[in-house]
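Visitor: Quick one: structure below, then a few questions.
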Amino acid sequence: MLSKMFKSDSGIPYLRLGEGEPLVFIHGLGEVKEGWENQFEFASQYDLIIPDLRGHGEYISPGEISIKNFAFDVISLLEELRIESAHICGLSMGGMVAQEIYRQAPEMCRSLMLVSTFHYAPKRLGKLFIKYRKASAENKSPQAIAERSAKVCLYSWSKENIETFYKFYKPNKEFFFKSLEACLKVNNLTLLPKIKVPTLIIGGQYDSVIPVWVQFLMHKQIRHSEFVIFRNTGHIAKLEAKDEFNQVLRTFLNKHKTAS
């Protein structure tokens, strides 16, 4: 399935393909929009909109980096495209952006799919984590950093999985830590119980980035949410368990189609 790259009037690069109900895919930290390549098959049923977030991919002059502004950009893009509401799927940092979109514009969310993400980071823990990540990246080559990231994010270190990871993991040195710091300021403890749209929460059994018990806590906070754990996967089930991941998303989406 061929995708077409566009740029919004405000400068947001995005892919768009397919037709049907709008479905937005939001990538994770250091990733690019093309990282949803395994999900392009959804274009057979849905109108896919897949943006680059600020400081990622082709969005290289982004202004202030924050989860609030990431969400604002996606909302602005949908408004420009005259899309009143969409299914919103976000991975990791993208899942935090999806939550923030619901905070800012709940009426624009037909459903939420929150994948390998979190809703709250204690401030002290966040500061320690930033310090550790900066120290671990100091004096390391981009290749060494990418290799370490692949081994942290993936459960299966097959050649194919690692090569695919490298293809779509392209952190921008200037904006990476600003984006990481933005993630660690997230506090949606009071937001989750207010979410009223159909919500699917997905975790990976061996996720060492955001442990699956975090998604379980989110599931307990969002009334009537569905919760799925993918076995033998790490942080990126959409890559390591492509077919199963797509089937779970498709089943959920088909249950919650709203168009006549």
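Identifiers in this document derive from the order of the structure tokens: chains are assigned A, B, ..., residues are numbered from 1 separately in each chain, and ligands are numbered from 1 in order of occurrence.
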For the interface of stretch 184-208 of chain A with stretch 117-122 of chain A (cut-off 7 Å, counting only C-alpha atoms), please tabulate each contacting residue of stretch 184-208 of chain A alongside its nearest pair of atoms and their separation in Å to one decimal, rows sorted by chain and increasing number, as JSON lines.
Guide:
{"residue": "A:Leu184", "atom": "CA", "partner": "A:Ala121", "partner_atom": "CA", "distance": 5.4}
{"residue": "A:Lys185", "atom": "CA", "partner": "A:Ala121", "partner_atom": "CA", "distance": 6.6}
{"residue": "A:Val186", "atom": "CA", "partner": "A:Tyr120", "partner_atom": "CA", "distance": 5.3}
{"residue": "A:Asn187", "atom": "CA", "partner": "A:Tyr120", "partner_atom": "CA", "distance": 4.4}
{"residue": "A:Asn188", "atom": "CA", "partner": "A:His119", "partner_atom": "CA", "distance": 5.1}
{"residue": "A:Leu189", "atom": "CA", "partner": "A:Tyr120", "partner_atom": "CA", "distance": 6.6}
Visitor: Write the residues you've just listed into a file as a PDB file, in the first residue's frame, and include N, CA and C atoms for each of them.
Guide:
ATOM      1  N   LEU A 184       8.228  12.789  30.844  1.00  0.00           N
ATOM      2  CA  LEU A 184       8.353  12.558  32.275  1.00  0.00           C
ATOM      3  C   LEU A 184       7.667  13.628  33.120  1.00  0.00           C
ATOM      4  N   LYS A 185       6.981  14.567  32.457  1.00  0.00           N
ATOM      5  CA  LYS A 185       6.155  15.550  33.162  1.00  0.00           C
ATOM      6  C   LYS A 185       4.678  15.168  33.142  1.00  0.00           C
ATOM      7  N   VAL A 186       4.372  14.055  32.485  1.00  0.00           N
ATOM      8  CA  VAL A 186       2.971  13.644  32.333  1.00  0.00           C
ATOM      9  C   VAL A 186       2.356  13.278  33.678  1.00  0.00           C
ATOM     10  N   ASN A 187       1.158  13.791  33.906  1.00  0.00           N
ATOM     11  CA  ASN A 187       0.378  13.416  35.092  1.00  0.00           C
ATOM     12  C   ASN A 187      -1.098  13.388  34.713  1.00  0.00           C
ATOM     13  N   ASN A 188      -1.570  12.191  34.392  1.00  0.00           N
ATOM     14  CA  ASN A 188      -2.968  12.023  33.988  1.00  0.00           C
ATOM     15  C   ASN A 188      -3.766  11.224  35.020  1.00  0.00           C
ATOM     16  N   LEU A 189      -3.353  11.303  36.266  1.00  0.00           N
ATOM     17  CA  LEU A 189      -4.030  10.546  37.320  1.00  0.00           C
ATOM     18  C   LEU A 189      -5.507  10.919  37.433  1.00  0.00           C
TER      19      LEU A 189
END
Visitor: May I have all residues of stretch 10-218 of chain A that DSSP, computed from the backbone, assigns to strand (DSSP E), given as a PyMOL selection string?
Guide: chain A and resi 13-17+21-26+46-51+86-91+109-115+199-204
Visitor: Taking a cut-off of 12 Å and counting only C-alpha atoms, can you build a table that, for each residue of stretch 192-236 of chain A near stretch 80-104 of chain A, reports the nearest atom pair and how far apart they are in Å (one decimal), sorted by chain then residue number, as JSON lines?
Guide:
{"residue": "A:Leu192", "atom": "CA", "partner": "A:Gln99", "partner_atom": "CA", "distance": 8.2}
{"residue": "A:Pro193", "atom": "CA", "partner": "A:Arg103", "partner_atom": "CA", "distance": 11.6}
{"residue": "A:Lys194", "atom": "CA", "partner": "A:Arg103", "partner_atom": "CA", "distance": 9.2}
{"residue": "A:Ile195", "atom": "CA", "partner": "A:Tyr102", "partner_atom": "CA", "distance": 7.7}
{"residue": "A:Lys196", "atom": "CA", "partner": "A:Tyr102", "partner_atom": "CA", "distance": 9.7}
{"residue": "A:Val197", "atom": "CA", "partner": "A:Tyr102", "partner_atom": "CA", "distance": 9.2}
{"residue": "A:Pro198", "atom": "CA", "partner": "A:His87", "partner_atom": "CA", "distance": 9.6}
{"residue": "A:Thr199", "atom": "CA", "partner": "A:Ile88", "partner_atom": "CA", "distance": 9.6}
{"residue": "A:Leu200", "atom": "CA", "partner": "A:Cys89", "partner_atom": "CA", "distance": 9.1}
{"residue": "A:Ile201", "atom": "CA", "partner": "A:Gly95", "partner_atom": "CA", "distance": 9.5}
{"residue": "A:Ile202", "atom": "CA", "partner": "A:Leu91", "partner_atom": "CA", "distance": 9.2}
{"residue": "A:Gly203", "atom": "CA", "partner": "A:Ser92", "partner_atom": "CA", "distance": 10.0}
{"residue": "A:Gly204", "atom": "CA", "partner": "A:Ser92", "partner_atom": "CA", "distance": 11.3}
{"residue": "A:Asp207", "atom": "CA", "partner": "A:Ser92", "partner_atom": "CA", "distance": 11.0}
{"residue": "A:Val209", "atom": "CA", "partner": "A:Ser92", "partner_atom": "CA", "distance": 9.1}
{"residue": "A:Ile210", "atom": "CA", "partner": "A:Ser92", "partner_atom": "CA", "distance": 8.1}
{"residue": "A:Pro211", "atom": "CA", "partner": "A:Ser92", "partner_atom": "CA", "distance": 11.2}
{"residue": "A:Val212", "atom": "CA", "partner": "A:Ser92", "partner_atom": "CA", "distance": 11.8}
{"residue": "A:Val214", "atom": "CA", "partner": "A:Ser92", "partner_atom": "CA", "distance": 11.6}
{"residue": "A:Gln215", "atom": "CA", "partner": "A:Ser92", "partner_atom": "CA", "distance": 10.7}
{"residue": "A:Met218", "atom": "CA", "partner": "A:Gln99", "partner_atom": "CA", "distance": 11.2}
{"residue": "A:Ile222", "atom": "CA", "partner": "A:Gln99", "partner_atom": "CA", "distance": 11.4}
{"residue": "A:Gly234", "atom": "CA", "partner": "A:Ser92", "partner_atom": "CA", "distance": 11.8}
{"residue": "A:His235", "atom": "CA", "partner": "A:Ser92", "partner_atom": "CA", "distance": 8.1}
{"residue": "A:Ile236", "atom": "CA", "partner": "A:Leu91", "partner_atom": "CA", "distance": 8.1}
Visitor: Could you list, as a VMD selection string, every residue within 10 Å of A:Asp73, counting only C-alpha atoms and ignoring same-chain residues fewer than 6 positions away?
Guide: chain A and resid 8 10 to 12 51 to 54 67 79 101
Visitor: Going by DSSP on the backbone, which residues of stretch 71-218 of chain A come out as alpha helix (DSSP H)? List them as a PyMOL selection string.
Guide: chain A and resi 71-80+93-104+123-137+142-153+159-168+176-183+212-218
Visitor: I'd like to know which of A:Lys170, A:His27, A:Lys33, A:Arg231 is closest to A:Met5, using only C-alpha atoms.
Guide: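 Among A:Lys170, A:His27, A:Lys33, A:Arg231, it is A:Lys33 that comes nearest to A:Met5.
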Visitor: What's around stretch 64-66 of chain A at 9 Å? Count only C-alpha atoms, leave out sequence neighbours fewer than 2 positions away in its own chain, and write the answer as a list in words.
Guide: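 Using only C-alpha atoms, the neighbours found are Arg54, Gly55, Pro62, Lys68, Asn69, Phe70, Ala71, Phe175, Lys178, Ser179, Glu181, Ala182, Cys183 and Lys185 of chain A.
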Visitor: Next, the residues of the selection above should be written as a short mmCIF file (atom, residue, chain, number, x, y, z; two decimals), in the first residue's frame with N, CA, C and O atoms.
Guide:
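Everything below was put into part_6.cif:
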data_model
loop_
_atom_site.label_atom_id
_atom_site.label_comp_id
_atom_site.auth_asym_id
_atom_site.auth_seq_id
_atom_site.Cartn_x
_atom_site.Cartn_y
_atom_site.Cartn_z
N ARG A 54 6.54 17.02 16.67
CA ARG A 54 7.58 18.06 16.72
C ARG A 54 8.95 17.47 17.08
O ARG A 54 9.06 16.68 18.03
N GLY A 55 9.97 17.86 16.34
CA GLY A 55 11.32 17.40 16.64
C GLY A 55 11.60 15.98 16.19
O GLY A 55 12.63 15.41 16.55
N PRO A 62 10.40 22.93 15.17
CA PRO A 62 9.12 22.68 15.84
C PRO A 62 8.64 23.69 16.87
O PRO A 62 7.50 23.62 17.28
N LYS A 68 1.68 18.73 25.52
CA LYS A 68 0.56 19.61 25.20
C LYS A 68 0.63 20.10 23.76
O LYS A 68 -0.37 20.10 23.03
N ASN A 69 1.83 20.50 23.31
CA ASN A 69 1.97 21.00 21.95
C ASN A 69 1.94 19.88 20.91
O ASN A 69 1.45 20.08 19.79
N PHE A 70 2.45 18.69 21.26
CA PHE A 70 2.30 17.55 20.36
C PHE A 70 0.81 17.33 20.06
O PHE A 70 0.41 17.13 18.92
N ALA A 71 0.01 17.32 21.12
CA ALA A 71 -1.43 17.09 20.97
C ALA A 71 -2.09 18.23 20.20
O ALA A 71 -2.95 17.99 19.33
N PHE A 175 16.43 17.43 19.76
CA PHE A 175 15.12 17.44 20.41
C PHE A 175 14.81 16.19 21.24
O PHE A 175 13.79 16.16 21.92
N LYS A 178 14.64 16.78 25.08
CA LYS A 178 13.51 17.68 25.38
C LYS A 178 12.20 16.89 25.33
O LYS A 178 11.30 17.10 26.15
N SER A 179 12.09 15.98 24.35
CA SER A 179 10.89 15.16 24.23
C SER A 179 10.79 14.17 25.38
O SER A 179 9.70 13.93 25.93
N GLU A 181 12.05 14.59 28.39
CA GLU A 181 11.67 15.38 29.57
C GLU A 181 10.18 15.69 29.55
O GLU A 181 9.52 15.69 30.60
N ALA A 182 9.63 15.96 28.36
CA ALA A 182 8.19 16.22 28.24
C ALA A 182 7.38 15.01 28.69
O ALA A 182 6.37 15.14 29.40
N CYS A 183 7.84 13.82 28.29
CA CYS A 183 7.15 12.59 28.70
C CYS A 183 7.12 12.45 30.21
O CYS A 183 6.11 12.02 30.80
N LYS A 185 6.98 14.57 32.46
CA LYS A 185 6.16 15.55 33.16
C LYS A 185 4.68 15.17 33.14
O LYS A 185 3.83 15.86 33.71
#
Visitor: Let me make sure I understand: among A:Leu154, A:Ala146, A:Leu78, A:Leu15, which one has the smallest atom-to-atom distance to A:Ile50 if we use only C-alpha atoms?
Guide: A:Leu15
Visitor: Find the spatial neighbours of A:Glu240, counting only C-alpha atoms, within a cut-off of 8 Å - ignore same-chain residues fewer than 2 positions away - and output them as a list in words.
Guide: Leu154, Tyr155, Ser156, Asn161, Thr233, Gly234, Ile236, Ala237, Lys238 and Lys242 of chain A
Visitor: Based on the selection just made, write C-alpha atoms of those residues as a PDB file, in the first residue's frame.
Guide:
ATOM      1  CA  LEU A 154      12.843  -5.399  21.555  1.00  0.00           C
ATOM      2  CA  TYR A 155      12.338  -8.789  23.152  1.00  0.00           C
ATOM      3  CA  SER A 156      13.380 -10.728  20.055  1.00  0.00           C
ATOM      4  CA  ASN A 161      13.549  -7.006  13.921  1.00  0.00           C
ATOM      5  CA  THR A 233       7.082  -9.035  22.956  1.00  0.00           C
ATOM      6  CA  GLY A 234       8.931  -6.034  24.297  1.00  0.00           C
ATOM      7  CA  ILE A 236       7.093  -2.530  20.208  1.00  0.00           C
ATOM      8  CA  ALA A 237       4.414  -5.167  19.647  1.00  0.00           C
ATOM      9  CA  LYS A 238       3.442  -3.522  16.347  1.00  0.00           C
ATOM     10  CA  LYS A 242       2.623  -7.451  13.620  1.00  0.00           C
TER      11      LYS A 242
END
Visitor: Find, counting only C-alpha atoms, the residue in A:His256, A:Glu147, A:Glu244, A:Tyr14 that gets nearest to A:Gln39.
Guide: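 Closest to A:Gln39 of all the choices is A:Glu244.
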